[in-house]
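J.: One structure is given below, represented as structure tokens, and several questions about it will come after.
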Protein chains: 2
Amino acid sequence: MNIPENPHTFSISMLAKEFDVTTRTIRFYEDKGLLTPKRQGQTRIYSSSDRTKLKLILRGKRLGFTLEESRDIIEMYSPGQNNEQQLKKLIDGIRTRKSNLQQQLHDIEVMMLDLQESEERCLNSLNELGAPGY
Amino acid sequence: MNIPENPHTFSISMLAKEFDVTTRTIRFYEDKGLLTPKRQGQTRIYSSSDRTKLKLILRGKRLGFTLEESRDIIEMYSPGQNNEQQLKKLIDGIRTRKSNLQQQLHDIEVMMLDLQESEERCLNSLNELGAPGY
DNA sequence: GCTTACCTTTACGTTAACGTAAACTTTAAC
DNA sequence: GTTAAAGTTTACGTTAACGTAAAGGTAAGC
């Protein structure tokens, strides 16, 4: 099932290869309810929506999110129900997530500068040690 | 031992309170070799260097670093030996870390924009639903 | 018809990063 | 002199996020 007829669908190994994860990982995400592929017999068929969700999960991982947090992010992208209660709760979630990202942004900037300094100190040490530009 | 005489030292509970972590967590970091407080009898006495390291660890955590990665970060801040080999290795580490941060930065920017859109869609839904500005 | 390449399910194993509890010591306060 | 607050060690428990292995089904290529 390496190349499904429908160009807008994907096999599990296609996604695994594209995003450099194992099929086990993808199935695990399904187990946790983050992905819900269709089935052709026993075989999983992923839509481009599933693919997007997987992308979101992996981006979340790079930012240190748990799967639960990524689940929230997905929900923020594709809101299910429109109940007023739920909408407000969703908005609140989005706002605190944004403020978290703001904090992360700041952390990264500071760490970036610190690392810059460290690198230069190291390069200086290398020079003084008689080893030229690296 | 809540207020050591020396103003440049800290008790474990002082640090725990300041950074909002448990003492267990701080001792755990010591167990992993990330902190090395002095002792006054049995009691741990933390220097401001220890405090800085703890700060680095927690910043790392906010960015999704493992403790091993934070250990590397600490090493980048306070290089121990000046051997040419080690310096080069350190510089390499700094550079790949910087490029990782660059990726995270990009991820955050994109996610920020996406969340912005989502929030506005939600606010629109709220309006159409008859519930004004939130 | 047999190997190869995918796919499946089930299930036990593993690692990181602490939490939680027990049992005990030391110092400060009343 | 005893209660309270902080400190200590030891040790078992827990959760997340998969890894790894076993055992088997299907479909294509030679």
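By convention in this document, the chains of the structure tokens carry letters A, B, ... by their order, each chain's residues are numbered from 1, and ligands are numbered from 1 in the order they are shown.
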For chain B, report every residue with an atom at most 7 Å from chain A (counting only C-alpha atoms), formatted as number ranges by chain.
T.: B: 59, 62-64, 76-77, 84, 87, 91, 94, 98, 101, 104-105, 107-108, 112, 115, 118-119, 122, 126
J.: How close does chain B get to chain D? List, as a Markdown table, each residue of chain B within 12 Å, its nearest atom pair and the distance in Å to one decimal, counting only C-alpha atoms (C1' of nucleotides).
T.:
| residue | atom | partner | partner_atom | distance |
| --- | --- | --- | --- | --- |
| B:Met1 | CA | D:DA6 | C1' | 6.6 |
| B:Asn2 | CA | D:DA6 | C1' | 7.4 |
| B:Ile3 | CA | D:DA6 | C1' | 11.0 |
| B:Ser11 | CA | D:DG7 | C1' | 9.5 |
| B:Ile12 | CA | D:DG7 | C1' | 8.9 |
| B:Ser13 | CA | D:DA6 | C1' | 8.2 |
| B:Met14 | CA | D:DA6 | C1' | 10.8 |
| B:Thr23 | CA | D:DG7 | C1' | 10.4 |
| B:Arg24 | CA | D:DT8 | C1' | 11.6 |
| B:Arg27 | CA | D:DT8 | C1' | 10.9 |
| B:Arg39 | CA | D:DT8 | C1' | 11.6 |
| B:Gln40 | CA | D:DG7 | C1' | 11.1 |
| B:Gly41 | CA | D:DT8 | C1' | 10.3 |
| B:Gln42 | CA | D:DT8 | C1' | 6.8 |
| B:Thr43 | CA | D:DG7 | C1' | 6.4 |
| B:Arg44 | CA | D:DG7 | C1' | 8.7 |
| B:Ile45 | CA | D:DG7 | C1' | 11.3 |
J.: Would you list, as a compact mmCIF listing (two decimals) with C-alpha atoms, in the first residue's frame, the residues of chain A that end up in alpha helix (DSSP H) under DSSP run on this structure's backbone?
T.:
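Wrote part-v2.txt, looks like this:
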# COMPACT_ATOMS: atom_id res chain seq x y z
CA ILE A 12 1.49 5.01 7.16
CA SER A 13 4.97 4.40 5.80
CA MET A 14 4.71 7.38 3.47
CA LEU A 15 4.05 9.66 6.41
CA ALA A 16 6.69 7.94 8.49
CA LYS A 17 9.27 8.53 5.78
CA GLU A 18 8.25 12.11 5.09
CA PHE A 19 8.45 13.18 8.72
CA THR A 23 5.19 3.80 12.09
CA ARG A 24 4.96 2.84 15.74
CA THR A 25 4.95 6.50 16.63
CA ILE A 26 2.15 7.27 14.20
CA ARG A 27 0.05 4.40 15.49
CA PHE A 28 0.77 5.56 19.01
CA TYR A 29 -0.65 8.97 18.22
CA GLU A 30 -3.76 7.30 16.90
CA ASP A 31 -3.99 5.28 20.06
CA SER A 48 -4.18 15.35 4.20
CA SER A 49 -5.97 16.53 7.32
CA ASP A 50 -4.32 13.71 9.24
CA ARG A 51 -1.05 14.72 7.70
CA THR A 52 -1.51 18.29 8.89
CA LYS A 53 -2.28 17.11 12.39
CA LEU A 54 0.85 15.00 12.44
CA LYS A 55 2.79 18.04 11.33
CA LEU A 56 1.32 20.04 14.19
CA ILE A 57 2.20 17.34 16.69
CA LEU A 58 5.80 17.22 15.56
CA ARG A 59 6.13 20.97 15.58
CA GLY A 60 4.77 20.85 19.11
CA LYS A 61 7.39 18.30 20.02
CA ARG A 62 10.17 20.55 18.77
CA LEU A 67 0.95 15.27 23.38
CA GLU A 68 -1.88 16.66 25.47
CA GLU A 69 -0.76 20.15 24.66
CA SER A 70 -0.53 19.26 21.00
CA ARG A 71 -4.01 17.86 21.22
CA ASP A 72 -5.15 21.28 22.42
CA ILE A 73 -3.27 22.98 19.60
CA ILE A 74 -5.02 20.75 17.07
CA GLU A 75 -8.35 21.59 18.62
CA MET A 76 -7.47 25.27 18.29
CA TYR A 77 -6.81 24.83 14.60
CA GLU A 84 -20.43 29.82 23.43
CA GLN A 85 -18.97 28.18 26.50
CA GLN A 86 -16.54 26.14 24.46
CA LEU A 87 -15.59 29.07 22.27
CA LYS A 88 -14.66 31.18 25.26
CA LYS A 89 -12.70 28.37 26.78
CA LEU A 90 -10.94 27.88 23.47
CA ILE A 91 -10.07 31.56 23.24
CA ASP A 92 -8.70 31.50 26.77
CA GLY A 93 -6.59 28.50 25.84
CA ILE A 94 -5.29 30.25 22.75
CA ARG A 95 -4.35 33.32 24.75
CA THR A 96 -2.44 31.51 27.46
CA ARG A 97 -0.72 29.47 24.77
CA LYS A 98 0.27 32.66 23.02
CA SER A 99 1.68 34.06 26.24
CA ASN A 100 3.62 30.87 26.78
CA LEU A 101 5.07 31.17 23.31
CA GLN A 102 6.00 34.74 24.12
CA GLN A 103 7.97 33.51 27.11
CA GLN A 104 9.68 30.88 25.00
CA LEU A 105 10.53 33.50 22.43
CA HIS A 106 12.19 35.57 25.11
CA ASP A 107 14.06 32.59 26.50
CA ILE A 108 15.39 31.80 23.05
CA GLU A 109 16.55 35.33 22.40
CA VAL A 110 18.47 35.48 25.67
CA MET A 111 19.97 32.05 25.19
CA MET A 112 20.92 32.97 21.64
CA LEU A 113 22.90 35.97 22.88
CA ASP A 114 24.54 33.97 25.64
CA LEU A 115 25.59 31.28 23.22
CA GLN A 116 26.94 33.91 20.87
CA GLU A 117 29.16 35.23 23.64
CA SER A 118 30.28 31.76 24.62
CA GLU A 119 31.20 30.92 21.06
CA GLU A 120 33.33 34.04 20.76
CA ARG A 121 35.07 33.34 24.03
CA CYS A 122 35.83 29.86 22.78
CA LEU A 123 37.14 31.18 19.48
CA ASN A 124 39.38 33.58 21.34
CA SER A 125 40.72 30.81 23.50
CA LEU A 126 41.44 28.83 20.36
CA ASN A 127 43.36 31.73 18.88
CA GLU A 128 45.39 32.37 22.01
J.: Where does chain C meet chain A within 12 Å, residue by residue, with the nearest atom pair and distance in Å to one decimal for each, counting only C-alpha atoms (C1' of nucleotides), listed by chain and rising number, as a Markdown table?
T.:
| residue | atom | partner | partner_atom | distance |
| --- | --- | --- | --- | --- |
| C:DA5 | C1' | A:Asn2 | CA | 9.6 |
| C:DC6 | C1' | A:Met1 | CA | 6.7 |
| C:DC7 | C1' | A:Thr43 | CA | 6.4 |
| C:DT8 | C1' | A:Gln42 | CA | 6.8 |
| C:DT9 | C1' | A:Gln42 | CA | 10.3 |
J.: Please run DSSP on the backbone and report, as JSON, numbers by chain, all residues within chain A that come out as strand (DSSP E).
T.: {"A": [9, 10, 38, 39, 40, 43, 44, 45, 46, 47]}
J.: Output all heavy atoms of each residue in that selection to a file, as a short mmCIF file (atom, residue, chain, number, x, y, z; two decimals), in the first residue's frame.
T.:
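Result written to selection.cif:
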data_model
loop_
_atom_site.label_atom_id
_atom_site.label_comp_id
_atom_site.auth_asym_id
_atom_site.auth_seq_id
_atom_site.Cartn_x
_atom_site.Cartn_y
_atom_site.Cartn_z
N THR A 9 -4.33 10.98 -0.30
CA THR A 9 -4.25 10.08 0.84
C THR A 9 -2.84 9.52 0.94
O THR A 9 -2.07 9.55 -0.02
CB THR A 9 -5.25 8.92 0.73
OG1 THR A 9 -4.86 8.08 -0.36
CG2 THR A 9 -6.67 9.44 0.50
N PHE A 10 -2.53 8.99 2.13
CA PHE A 10 -1.18 8.53 2.38
C PHE A 10 -1.20 7.22 3.16
O PHE A 10 -2.10 7.01 3.98
CB PHE A 10 -0.40 9.57 3.19
CG PHE A 10 -0.55 10.97 2.67
CD1 PHE A 10 -1.61 11.77 3.09
CD2 PHE A 10 0.35 11.48 1.76
CE1 PHE A 10 -1.74 13.07 2.60
CE2 PHE A 10 0.22 12.77 1.26
CZ PHE A 10 -0.83 13.56 1.68
N LYS A 38 -8.83 6.80 8.14
CA LYS A 38 -9.82 5.84 7.64
C LYS A 38 -9.17 4.48 7.48
O LYS A 38 -7.95 4.34 7.61
CB LYS A 38 -10.35 6.33 6.29
CG LYS A 38 -11.02 7.69 6.34
CD LYS A 38 -12.49 7.54 6.73
CE LYS A 38 -13.17 8.90 6.81
NZ LYS A 38 -12.91 9.59 8.12
N ARG A 39 -10.00 3.49 7.19
CA ARG A 39 -9.47 2.14 6.97
C ARG A 39 -9.88 1.61 5.61
O ARG A 39 -11.01 1.84 5.16
CB ARG A 39 -10.00 1.18 8.05
CG ARG A 39 -9.57 1.50 9.46
CD ARG A 39 -8.11 1.17 9.67
NE ARG A 39 -7.69 1.48 11.05
CZ ARG A 39 -7.02 0.63 11.82
NH1 ARG A 39 -6.72 -0.57 11.36
NH2 ARG A 39 -6.66 0.99 13.02
N GLN A 40 -8.97 0.89 4.98
CA GLN A 40 -9.30 0.14 3.78
C GLN A 40 -9.06 -1.32 4.13
O GLN A 40 -7.94 -1.80 4.01
CB GLN A 40 -8.39 0.57 2.63
CG GLN A 40 -9.04 0.45 1.26
CD GLN A 40 -8.32 1.31 0.23
OE1 GLN A 40 -7.20 0.98 -0.16
NE2 GLN A 40 -8.95 2.40 -0.19
N THR A 43 -6.09 -1.85 6.68
CA THR A 43 -5.01 -0.88 6.45
C THR A 43 -5.45 0.56 6.66
O THR A 43 -6.53 0.97 6.21
CB THR A 43 -4.48 -1.06 5.03
OG1 THR A 43 -4.09 -2.41 4.85
CG2 THR A 43 -3.30 -0.14 4.78
N ARG A 44 -4.61 1.31 7.32
CA ARG A 44 -4.90 2.72 7.59
C ARG A 44 -4.69 3.58 6.36
O ARG A 44 -3.68 3.43 5.66
CB ARG A 44 -3.99 3.23 8.71
CG ARG A 44 -4.48 2.89 10.10
CD ARG A 44 -3.38 3.08 11.12
NE ARG A 44 -2.91 1.78 11.55
CZ ARG A 44 -3.16 1.25 12.75
NH1 ARG A 44 -3.83 1.94 13.64
NH2 ARG A 44 -2.73 0.05 13.05
N ILE A 45 -5.61 4.48 6.12
CA ILE A 45 -5.49 5.46 5.03
C ILE A 45 -5.57 6.86 5.63
O ILE A 45 -6.58 7.24 6.22
CB ILE A 45 -6.63 5.30 4.01
CG1 ILE A 45 -6.70 3.86 3.50
CG2 ILE A 45 -6.45 6.28 2.86
CD1 ILE A 45 -5.55 3.48 2.62
N TYR A 46 -4.50 7.61 5.45
CA TYR A 46 -4.44 8.94 6.06
C TYR A 46 -4.82 10.02 5.06
O TYR A 46 -4.37 10.01 3.92
CB TYR A 46 -3.03 9.20 6.59
CG TYR A 46 -2.65 8.27 7.71
CD1 TYR A 46 -2.08 7.03 7.45
CD2 TYR A 46 -2.90 8.62 9.02
CE1 TYR A 46 -1.74 6.17 8.48
CE2 TYR A 46 -2.57 7.76 10.07
CZ TYR A 46 -2.00 6.54 9.78
OH TYR A 46 -1.67 5.68 10.79
N SER A 47 -5.65 10.95 5.50
CA SER A 47 -6.03 12.09 4.69
C SER A 47 -5.00 13.21 4.87
O SER A 47 -4.13 13.13 5.73
CB SER A 47 -7.40 12.59 5.12
OG SER A 47 -7.31 13.15 6.42
#
J.: In Å, rounded to a single decimal, give me how far atom CA of Lys32 of chain B is from atom C1' of DA16 of chain C.
T.: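 Straight-line distance from atom C1' of DA16 of chain C to atom CA of Lys32 of chain B works out to 11.4 Å.
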